[in-house]
Amino acid sequence: MSQFIAVIGGDARYLELIRQLKTLPDTTLMLVGFDKLEQGFTGSNQMDFEELEPSKLDAIILPITGTDMSGNIETVFSDKQIQIEKSWFKKLKSNTLVFTGITNEYLTSATTAANIDLVPLLDRDDVAIYNSIPTAEGAIMMAFEETDYTIHSSRVVVVGFGRVGNTVANKFSALGAKVSVCARSIRDLARITEMGLHAIPLEKLSDHTHDCDLLINTIPAPIVTKDVIQNLPPNGIIIDLASKPGGTDFDFAEKRGIKAILARSLPGIVAPRTAGKILANVITQILDETRESE
């Protein structure tokens, strides 16, 4: 049975996503927001949003950023404005899947009111774990660019031991850095120690930053506070990998003369092809599981 998928907007990651989805059997791709690209690259079926027939769609893939609070879509490869009104979702079939990177109140309420399944991909463990690899490589790249010393033997503190923090700690340790990891739970602290890394209880972070060359935050909460930053050496650098607005007091870091960088969307910047392939693989798996269950 044929399936119809609409890709509406997106960044460089979506070019590889489109390449991957084009190989699916019995699948028709409709591309909206890619009119700046050559027709030969993306294939046929480029169209304006108004030309979509929502009642025929089996899946919709929105940008990683989803929509804003008015339903507007980010389009990197088009100058045309795309707005999806809440009423549009009600025209979809009941079994249509709507994929997004992240969601907000507008998108969640729109799909809930239409009784449509919304899949925020970045909330999934599999996507987050796969994405942690290019995120960690991006952090390493930034460390190379921003420092005048080797990563080997440098003193690195990773704040958070979730899906990203775990990978970041592993990668920097593999490069020979002296890695400490800050976490809240006793279980995580035990695992960090088992890995041969130095474990720091979260509430003790400020006591361990005086000899830190590079502090990498992965927690999307105000964790890297004035007390933490105050104790950093003058040449210390902060790389914040948490989602906007990050977990760092950037104003205080600037006052102290500490370089603090909010590194957003590193998978899409560092490795868009890999990031796009990750998204395509997960979306394909979800679509296959959905079709098998029908």
# chains A, B, ... in the order shown; residues from 1 in each chain; ligands from 1

$ residues_around --residues "Val76 (chain A)" --least-positions-apart "5" --cutoff "12 Å" --atoms "only C-alpha atoms" --output "PyMOL selection string"
chain A and resi 8-15+32-37+63-65+81-82

$ write_last_selection --atoms "all heavy atoms" --output "compact mmCIF listing (two decimals), in the first residue's frame"
# COMPACT_ATOMS: atom_id res chain seq x y z
N ILE A 8 7.81 19.34 5.40
CA ILE A 8 7.48 20.77 5.37
C ILE A 8 8.58 21.53 6.10
O ILE A 8 8.67 21.54 7.32
CB ILE A 8 6.12 21.04 6.04
CG1 ILE A 8 5.03 20.16 5.41
CG2 ILE A 8 5.75 22.51 5.93
CD1 ILE A 8 3.68 20.29 6.07
N GLY A 9 9.44 22.20 5.35
CA GLY A 9 10.54 22.97 5.93
C GLY A 9 11.64 22.07 6.46
O GLY A 9 11.59 20.84 6.36
N GLY A 10 12.67 22.69 7.03
CA GLY A 10 13.80 21.94 7.56
C GLY A 10 15.12 22.55 7.17
O GLY A 10 15.20 23.42 6.29
N ASP A 11 16.19 22.08 7.82
CA ASP A 11 17.53 22.62 7.58
C ASP A 11 18.37 21.60 6.80
O ASP A 11 17.83 20.71 6.14
CB ASP A 11 18.19 23.00 8.90
CG ASP A 11 18.24 21.83 9.89
OD1 ASP A 11 18.13 20.66 9.45
OD2 ASP A 11 18.40 22.09 11.10
N ALA A 12 19.70 21.73 6.90
CA ALA A 12 20.60 20.89 6.11
C ALA A 12 20.44 19.41 6.43
O ALA A 12 20.68 18.55 5.57
CB ALA A 12 22.05 21.32 6.34
N ARG A 13 20.03 19.09 7.65
CA ARG A 13 19.81 17.69 8.01
C ARG A 13 18.75 17.04 7.13
O ARG A 13 18.80 15.85 6.84
CB ARG A 13 19.37 17.59 9.48
CG ARG A 13 20.46 17.78 10.48
CD ARG A 13 19.92 17.94 11.87
NE ARG A 13 19.46 19.30 12.12
CZ ARG A 13 19.25 19.80 13.32
NH1 ARG A 13 19.42 19.06 14.38
NH2 ARG A 13 18.87 21.06 13.47
N TYR A 14 17.81 17.86 6.70
CA TYR A 14 16.67 17.31 5.97
C TYR A 14 17.01 16.95 4.53
O TYR A 14 16.26 16.23 3.88
CB TYR A 14 15.50 18.30 6.03
CG TYR A 14 14.73 18.19 7.33
CD1 TYR A 14 15.41 18.14 8.54
CD2 TYR A 14 13.35 18.13 7.35
CE1 TYR A 14 14.74 18.04 9.74
CE2 TYR A 14 12.66 18.01 8.54
CZ TYR A 14 13.36 17.96 9.74
OH TYR A 14 12.68 17.84 10.92
N LEU A 15 18.14 17.42 4.03
CA LEU A 15 18.55 17.03 2.69
C LEU A 15 18.89 15.54 2.68
O LEU A 15 18.51 14.80 1.76
CB LEU A 15 19.75 17.87 2.23
CG LEU A 15 19.53 19.38 2.23
CD1 LEU A 15 20.76 20.09 1.66
CD2 LEU A 15 18.27 19.78 1.47
N VAL A 32 7.79 20.71 0.72
CA VAL A 32 7.34 22.09 0.85
C VAL A 32 8.43 22.89 1.56
O VAL A 32 8.90 22.49 2.63
CB VAL A 32 6.02 22.17 1.65
CG1 VAL A 32 5.58 23.61 1.82
CG2 VAL A 32 4.93 21.35 0.99
N GLY A 33 8.82 24.01 0.95
CA GLY A 33 9.85 24.83 1.57
C GLY A 33 11.25 24.52 1.10
O GLY A 33 12.23 24.83 1.77
N PHE A 34 11.36 23.94 -0.09
CA PHE A 34 12.67 23.59 -0.65
C PHE A 34 12.84 24.16 -2.06
O PHE A 34 13.61 23.63 -2.86
CB PHE A 34 12.84 22.06 -0.68
CG PHE A 34 12.89 21.44 0.68
CD1 PHE A 34 11.72 21.01 1.31
CD2 PHE A 34 14.09 21.30 1.36
CE1 PHE A 34 11.76 20.44 2.56
CE2 PHE A 34 14.13 20.73 2.62
CZ PHE A 34 12.96 20.30 3.24
N ASP A 35 12.14 25.25 -2.36
CA ASP A 35 12.15 25.78 -3.73
C ASP A 35 13.46 26.44 -4.11
O ASP A 35 13.70 26.71 -5.29
CB ASP A 35 10.99 26.77 -3.92
CG ASP A 35 10.89 27.77 -2.79
OD1 ASP A 35 10.21 27.45 -1.79
OD2 ASP A 35 11.47 28.85 -2.90
N LYS A 36 14.35 26.72 -3.14
CA LYS A 36 15.65 27.30 -3.48
C LYS A 36 16.62 26.25 -3.99
O LYS A 36 17.67 26.59 -4.56
CB LYS A 36 16.26 27.97 -2.24
CG LYS A 36 15.77 29.39 -1.98
CD LYS A 36 16.59 30.00 -0.85
CE LYS A 36 16.18 31.44 -0.60
NZ LYS A 36 16.99 32.02 0.51
N LEU A 37 16.30 24.99 -3.78
CA LEU A 37 17.17 23.91 -4.22
C LEU A 37 16.85 23.54 -5.67
O LEU A 37 15.73 23.72 -6.13
CB LEU A 37 16.98 22.68 -3.35
CG LEU A 37 17.41 22.81 -1.89
CD1 LEU A 37 17.04 21.56 -1.12
CD2 LEU A 37 18.89 23.06 -1.78
N PRO A 63 10.04 20.72 10.70
CA PRO A 63 11.45 20.97 11.05
C PRO A 63 11.77 20.55 12.48
O PRO A 63 10.87 20.32 13.30
CB PRO A 63 11.58 22.50 10.89
CG PRO A 63 10.46 22.90 10.00
CD PRO A 63 9.35 21.95 10.29
N ILE A 64 13.04 20.45 12.78
CA ILE A 64 13.48 20.13 14.14
C ILE A 64 12.88 21.11 15.13
O ILE A 64 12.50 20.75 16.25
CB ILE A 64 15.02 20.15 14.22
CG1 ILE A 64 15.61 18.95 13.46
CG2 ILE A 64 15.49 20.13 15.68
CD1 ILE A 64 15.22 17.61 14.04
N THR A 65 12.76 22.37 14.73
CA THR A 65 12.23 23.40 15.62
C THR A 65 10.71 23.39 15.70
O THR A 65 10.13 24.18 16.46
CB THR A 65 12.69 24.80 15.14
OG1 THR A 65 12.39 24.93 13.74
CG2 THR A 65 14.18 24.97 15.33
N GLN A 81 6.81 32.22 3.27
CA GLN A 81 6.36 31.99 4.63
C GLN A 81 5.33 30.86 4.64
O GLN A 81 4.42 30.81 3.82
CB GLN A 81 5.73 33.25 5.21
CG GLN A 81 5.32 33.11 6.67
CD GLN A 81 4.81 34.40 7.27
OE1 GLN A 81 4.90 35.45 6.65
NE2 GLN A 81 4.28 34.33 8.48
N ILE A 82 5.51 29.96 5.60
CA ILE A 82 4.58 28.84 5.76
C ILE A 82 3.98 28.90 7.16
O ILE A 82 4.72 28.92 8.15
CB ILE A 82 5.29 27.49 5.56
CG1 ILE A 82 5.89 27.40 4.16
CG2 ILE A 82 4.31 26.33 5.78
CD1 ILE A 82 6.74 26.16 3.95

$ residues_around --residues "Ile18 (chain A)" --least-positions-apart "5" --cutoff "9 Å" --atoms "only C-alpha atoms" --output "ChimeraX atom specification"
/A:7,13,23,29,31,42,276,280

$ residues_around --residues "Gln83 (chain A)" --least-positions-apart "3" --cutoff "7 Å" --atoms "only C-alpha atoms" --output "PyMOL selection string"
chain A and resi 71-73

$ residues_around --residues "Glu146 (chain A)" --least-positions-apart "5" --cutoff "10 Å" --atoms "only C-alpha atoms" --output "list of chain:residue names"
A:Ile140, A:Met141, A:Leu214, A:Ile237, A:Ile239, A:Lys259, A:Ile261

$ select_by_dssp --residues "region 44-190 of chain A" --states "helix (DSSP H, G or I)" --output "MDAnalysis selection string"
chainID A and resid 49:51 54:56 86:89 105:113 121:123 125:146 163:174 186:190

$ select_by_dssp --residues "region 85-168 of chain A" --states "strand (DSSP E or B)" --output "number ranges by chain"
A: 97-100, 117-120, 155-159

$ closest_atom_pairs --of "region 213-237 of chain A" --to "region 177-198 of chain A" --cutoff "12 Å" --atoms "only C-alpha atoms" --output "JSON lines"
{"residue": "A:Asp213", "atom": "CA", "partner": "A:Lys178", "partner_atom": "CA", "distance": 10.0}
{"residue": "A:Leu214", "atom": "CA", "partner": "A:Val179", "partner_atom": "CA", "distance": 9.7}
{"residue": "A:Leu215", "atom": "CA", "partner": "A:Ser180", "partner_atom": "CA", "distance": 9.5}
{"residue": "A:Ile216", "atom": "CA", "partner": "A:Val181", "partner_atom": "CA", "distance": 9.5}
{"residue": "A:Asn217", "atom": "CA", "partner": "A:Cys182", "partner_atom": "CA", "distance": 9.4}
{"residue": "A:Thr218", "atom": "CA", "partner": "A:Cys182", "partner_atom": "CA", "distance": 10.2}
{"residue": "A:Ile219", "atom": "CA", "partner": "A:Ala183", "partner_atom": "CA", "distance": 9.8}
{"residue": "A:Ile223", "atom": "CA", "partner": "A:Cys182", "partner_atom": "CA", "distance": 10.5}
{"residue": "A:Val224", "atom": "CA", "partner": "A:Cys182", "partner_atom": "CA", "distance": 11.2}

$ write_last_selection --atoms "all heavy atoms" --output "CSV table (one decimal), in the first residue's frame"
chain,number,residue,atom,x,y,z
A,213,ASP,N,40.0,23.3,33.3
A,213,ASP,CA,40.3,24.0,32.1
A,213,ASP,C,39.1,24.2,31.2
A,213,ASP,O,38.9,25.2,30.6
A,213,ASP,CB,41.4,23.2,31.3
A,213,ASP,CG,42.7,23.0,32.0
A,213,ASP,OD1,43.2,24.0,32.5
A,213,ASP,OD2,43.1,21.9,32.1
A,214,LEU,N,38.2,23.1,31.1
A,214,LEU,CA,37.1,23.1,30.3
A,214,LEU,C,35.9,22.6,31.0
A,214,LEU,O,35.9,21.4,31.4
A,214,LEU,CB,37.4,22.3,29.0
A,214,LEU,CG,36.4,22.2,27.9
A,214,LEU,CD1,36.1,23.6,27.3
A,214,LEU,CD2,36.8,21.2,26.8
A,215,LEU,N,34.8,23.4,31.1
A,215,LEU,CA,33.6,22.9,31.7
A,215,LEU,C,32.5,22.8,30.7
A,215,LEU,O,32.3,23.7,29.9
A,215,LEU,CB,33.2,23.9,32.8
A,215,LEU,CG,32.0,23.5,33.7
A,215,LEU,CD1,32.1,24.1,35.1
A,215,LEU,CD2,30.6,23.9,33.1
A,216,ILE,N,32.0,21.6,30.6
A,216,ILE,CA,30.9,21.3,29.6
A,216,ILE,C,29.6,21.0,30.2
A,216,ILE,O,29.5,20.0,30.9
A,216,ILE,CB,31.4,20.1,28.7
A,216,ILE,CG1,32.8,20.4,28.0
A,216,ILE,CG2,30.4,19.8,27.6
A,216,ILE,CD1,33.4,19.2,27.3
A,217,ASN,N,28.6,21.8,30.0
A,217,ASN,CA,27.3,21.6,30.7
A,217,ASN,C,26.4,20.9,29.7
A,217,ASN,O,26.3,21.3,28.5
A,217,ASN,CB,26.7,22.9,31.1
A,217,ASN,CG,25.4,22.7,31.7
A,217,ASN,OD1,25.2,21.9,32.7
A,217,ASN,ND2,24.4,23.4,31.2
A,218,THR,N,25.6,19.9,30.2
A,218,THR,CA,24.6,19.3,29.4
A,218,THR,C,23.2,19.3,30.1
A,218,THR,O,22.3,18.8,29.5
A,218,THR,CB,25.0,17.8,29.2
A,218,THR,OG1,24.9,17.1,30.5
A,218,THR,CG2,26.4,17.6,28.6
A,219,ILE,N,23.1,20.0,31.2
A,219,ILE,CA,21.8,20.1,31.9
A,219,ILE,C,21.1,21.4,31.6
A,219,ILE,O,21.6,22.5,31.8
A,219,ILE,CB,22.1,20.0,33.4
A,219,ILE,CG1,22.8,18.7,33.8
A,219,ILE,CG2,20.7,20.1,34.2
A,219,ILE,CD1,23.1,18.6,35.3
A,223,ILE,N,22.5,25.6,36.3
A,223,ILE,CA,23.4,24.8,37.1
A,223,ILE,C,24.8,25.5,37.2
A,223,ILE,O,25.4,25.5,38.3
A,223,ILE,CB,23.6,23.4,36.4
A,223,ILE,CG1,22.3,22.6,36.4
A,223,ILE,CG2,24.7,22.6,37.2
A,223,ILE,CD1,21.7,22.3,37.8
A,224,VAL,N,25.2,26.1,36.1
A,224,VAL,CA,26.5,26.7,36.1
A,224,VAL,C,26.3,28.2,36.6
A,224,VAL,O,26.2,29.1,35.8
A,224,VAL,CB,27.2,26.7,34.7
A,224,VAL,CG1,28.6,27.2,34.8
A,224,VAL,CG2,27.2,25.2,34.2

$ closest_atom_pairs --of "region 106-170 of chain A" --to "region 86-96 of chain A" --cutoff "9 Å" --atoms "only C-alpha atoms" --output "tab-separated table"
residue	atom	partner	partner_atom	distance
A:Tyr106	CA	A:Lys86	CA	8.2
A:Leu107	CA	A:Lys86	CA	8.0
A:Ser109	CA	A:Lys86	CA	8.3
A:Ala110	CA	A:Lys86	CA	5.0
A:Thr111	CA	A:Phe89	CA	6.3
A:Ala113	CA	A:Lys90	CA	7.7
A:Ala114	CA	A:Lys90	CA	4.6
A:Asn115	CA	A:Ser94	CA	6.6
A:Ile116	CA	A:Ser94	CA	5.9
A:Asp117	CA	A:Thr96	CA	7.0

$ closest_residue --among "A:Val127, A:Leu62, A:Leu232, A:Val156" --to "Phe252 (chain A)" --atoms "only C-alpha atoms"
A:Leu232

$ atom_distance --atom1 "CA of Ile5 (chain A)" --atom2 "CA of Glu53 (chain A)"
11.0 Å

$ closest_residue --among "A:Arg155, A:Lys80, A:Lys22, A:Arg264" --to "Pro245 (chain A)" --atoms "only C-alpha atoms"
A:Arg264

$ atom_distance --atom1 "CA of Pro54 (chain A)" --atom2 "CA of Thr100 (chain A)"
16.7 Å

$ atom_distance --atom1 "CA of Arg163 (chain A)" --atom2 "CA of Glu254 (chain A)"
28.7 Å
